[in-house]
Amino acid sequence: MSRLTVRGCELAYELIGGPGHDGTGTPFVWGHGLSSSRADEDRRPLIDLAEVAASRRVLRYDARGHGESGSLTTSVQGDWSE
């Protein structure tokens, strides 16, 4: 598992699989459901990620405040624009 910091919050992620694992190609990005985590997905998978990872890279992450990712210590007032 790896981590990166986005807007002051540490996010947990992993990059697995495929011939494109060398950094080339577009990865398949898989995010867990609401109030879930990568660990929950491992216990009750919705798709066979091993099958997908056999042919391409798969990027899995825990959303902010879920699983192994951190949460913000300050309130966010819904300004999601960039």
# chains A, B, ... in the order shown; residues from 1 in each chain; ligands from 1
>>> residues_around(residues="Glu14 in chain A", least_positions_apart="4", cutoff="9 Å", atoms="only C-alpha atoms", output="compact mmCIF listing (two decimals) with N, CA and C atoms, in the first residue's frame")
# COMPACT_ATOMS: atom_id res chain seq x y z
N MET A 1 0.83 -1.17 0.00
CA MET A 1 0.00 0.00 0.00
C MET A 1 0.88 1.24 0.00
N SER A 2 0.46 2.23 -0.74
CA SER A 2 1.17 3.50 -0.81
C SER A 2 0.27 4.61 -0.31
N ARG A 3 0.87 5.75 -0.08
CA ARG A 3 0.10 6.92 0.39
C ARG A 3 0.54 8.17 -0.36
N VAL A 58 -4.33 -1.66 -12.28
CA VAL A 58 -5.53 -1.32 -11.52
C VAL A 58 -5.11 -0.40 -10.38
N LEU A 59 -5.73 0.76 -10.29
CA LEU A 59 -5.50 1.70 -9.21
C LEU A 59 -6.69 1.62 -8.27
N ARG A 60 -6.43 1.21 -7.02
CA ARG A 60 -7.46 1.14 -5.98
C ARG A 60 -7.10 2.14 -4.89
N TYR A 61 -8.10 2.78 -4.31
CA TYR A 61 -7.82 3.75 -3.25
C TYR A 61 -8.91 3.73 -2.20
>>> residues_around(residues="Leu4 in chain A", least_positions_apart="3", cutoff="12 Å", atoms="only C-alpha atoms", output="PDB file with N, CA and C atoms, in the first residue's frame")
ATOM      1  N   MET A   1       0.835  -1.175   0.000  1.00  0.00           N
ATOM      2  CA  MET A   1       0.000   0.000   0.000  1.00  0.00           C
ATOM      3  C   MET A   1       0.878   1.236   0.000  1.00  0.00           C
ATOM      4  N   ARG A   7      -4.546  17.883  -0.772  1.00  0.00           N
ATOM      5  CA  ARG A   7      -5.219  18.950  -0.020  1.00  0.00           C
ATOM      6  C   ARG A   7      -5.145  18.725   1.485  1.00  0.00           C
ATOM      7  N   GLY A   8      -3.982  18.306   1.950  1.00  0.00           N
ATOM      8  CA  GLY A   8      -3.756  18.145   3.377  1.00  0.00           C
ATOM      9  C   GLY A   8      -4.275  16.852   3.971  1.00  0.00           C
ATOM     10  N   CYS A   9      -4.769  15.950   3.156  1.00  0.00           N
ATOM     11  CA  CYS A   9      -5.300  14.678   3.645  1.00  0.00           C
ATOM     12  C   CYS A   9      -4.512  13.532   3.019  1.00  0.00           C
ATOM     13  N   GLU A  10      -4.056  12.600   3.856  1.00  0.00           N
ATOM     14  CA  GLU A  10      -3.297  11.455   3.377  1.00  0.00           C
ATOM     15  C   GLU A  10      -4.250  10.369   2.873  1.00  0.00           C
ATOM     16  N   LEU A  11      -4.062   9.964   1.604  1.00  0.00           N
ATOM     17  CA  LEU A  11      -4.898   8.938   0.992  1.00  0.00           C
ATOM     18  C   LEU A  11      -4.097   7.659   0.770  1.00  0.00           C
ATOM     19  N   ALA A  12      -4.710   6.520   1.072  1.00  0.00           N
ATOM     20  CA  ALA A  12      -4.084   5.212   0.869  1.00  0.00           C
ATOM     21  C   ALA A  12      -4.518   4.674  -0.491  1.00  0.00           C
ATOM     22  N   TYR A  13      -3.550   4.103  -1.232  1.00  0.00           N
ATOM     23  CA  TYR A  13      -3.879   3.530  -2.537  1.00  0.00           C
ATOM     24  C   TYR A  13      -2.926   2.388  -2.852  1.00  0.00           C
ATOM     25  N   GLU A  14      -3.272   1.621  -3.873  1.00  0.00           N
ATOM     26  CA  GLU A  14      -2.373   0.589  -4.375  1.00  0.00           C
ATOM     27  C   GLU A  14      -2.530   0.506  -5.887  1.00  0.00           C
ATOM     28  N   TYR A  61      -8.098   2.778  -4.306  1.00  0.00           N
ATOM     29  CA  TYR A  61      -7.819   3.753  -3.251  1.00  0.00           C
ATOM     30  C   TYR A  61      -8.915   3.725  -2.198  1.00  0.00           C
ATOM     31  N   ASP A  62      -8.567   4.190  -1.012  1.00  0.00           N
ATOM     32  CA  ASP A  62      -9.549   4.437   0.036  1.00  0.00           C
ATOM     33  C   ASP A  62      -9.856   5.925   0.006  1.00  0.00           C
ATOM     34  N   ALA A  63     -11.124   6.264  -0.125  1.00  0.00           N
ATOM     35  CA  ALA A  63     -11.530   7.667  -0.145  1.00  0.00           C
ATOM     36  C   ALA A  63     -11.224   8.326   1.203  1.00  0.00           C
ATOM     37  N   ARG A  64     -11.179   9.638   1.200  1.00  0.00           N
ATOM     38  CA  ARG A  64     -10.919  10.399   2.426  1.00  0.00           C
ATOM     39  C   ARG A  64     -11.904   9.984   3.521  1.00  0.00           C
ATOM     40  N   GLU A  68      -7.907   2.974   5.178  1.00  0.00           N
ATOM     41  CA  GLU A  68      -6.598   3.392   5.668  1.00  0.00           C
ATOM     42  C   GLU A  68      -6.257   4.844   5.329  1.00  0.00           C
ATOM     43  N   SER A  69      -7.192   5.572   4.711  1.00  0.00           N
ATOM     44  CA  SER A  69      -6.960   6.986   4.408  1.00  0.00           C
ATOM     45  C   SER A  69      -7.303   7.847   5.610  1.00  0.00           C
ATOM     46  N   GLY A  70      -6.692   9.009   5.674  1.00  0.00           N
ATOM     47  CA  GLY A  70      -6.969   9.945   6.755  1.00  0.00           C
ATOM     48  C   GLY A  70      -8.233  10.744   6.490  1.00  0.00           C
TER      49      GLY A  70
END
>>> closest_residue(among="A:Gly25, A:Ser36, A:Asp48, A:Ile16", to="Gly65 in chain A", atoms="only C-alpha atoms")
A:Ser36
>>> atom_distance(atom1="CA of Leu72 in chain A", atom2="CA of Ser35 in chain A")
15.9 Å
>>> residues_around(residues="Pro45 in chain A", least_positions_apart="6", cutoff="10 Å", atoms="only C-alpha atoms", output="PyMOL selection string")
chain A and resi 32+38-39
>>> write_last_selection(atoms="C-alpha atoms", output="PDB file, in the first residue's frame")
ATOM      1  CA  HIS A  32     -15.108   1.511  -3.210  1.00  0.00           C
ATOM      2  CA  ARG A  38     -10.598  -1.476  -0.093  1.00  0.00           C
ATOM      3  CA  ALA A  39     -10.637  -4.007   2.773  1.00  0.00           C
TER       4      ALA A  39
END
>>> closest_residue(among="A:Glu41, A:Ala50, A:Val6, A:Arg57", to="Gly18 in chain A", atoms="only C-alpha atoms")
A:Arg57
>>> atom_distance(atom1="CA of Leu15 in chain A", atom2="CA of Leu46 in chain A")
18.0 Å
>>> select_by_dssp(residues="range 6-66 of chain A", states="strand (DSSP E)", output="ChimeraX atom specification")
/A:6,9-16,28-31,58-61
>>> atom_distance(atom1="CA of Thr74 in chain A", atom2="CA of Gly31 in chain A")
23.7 Å
>>> select_by_dssp(residues="chain A", states="alpha helix (DSSP H)", output="ChimeraX atom specification")
/A:38-43,49-53
>>> closest_residue(among="A:Gly67, A:Thr5, A:Trp30, A:Gly17", to="Ala53 in chain A", atoms="only C-alpha atoms")
A:Gly17
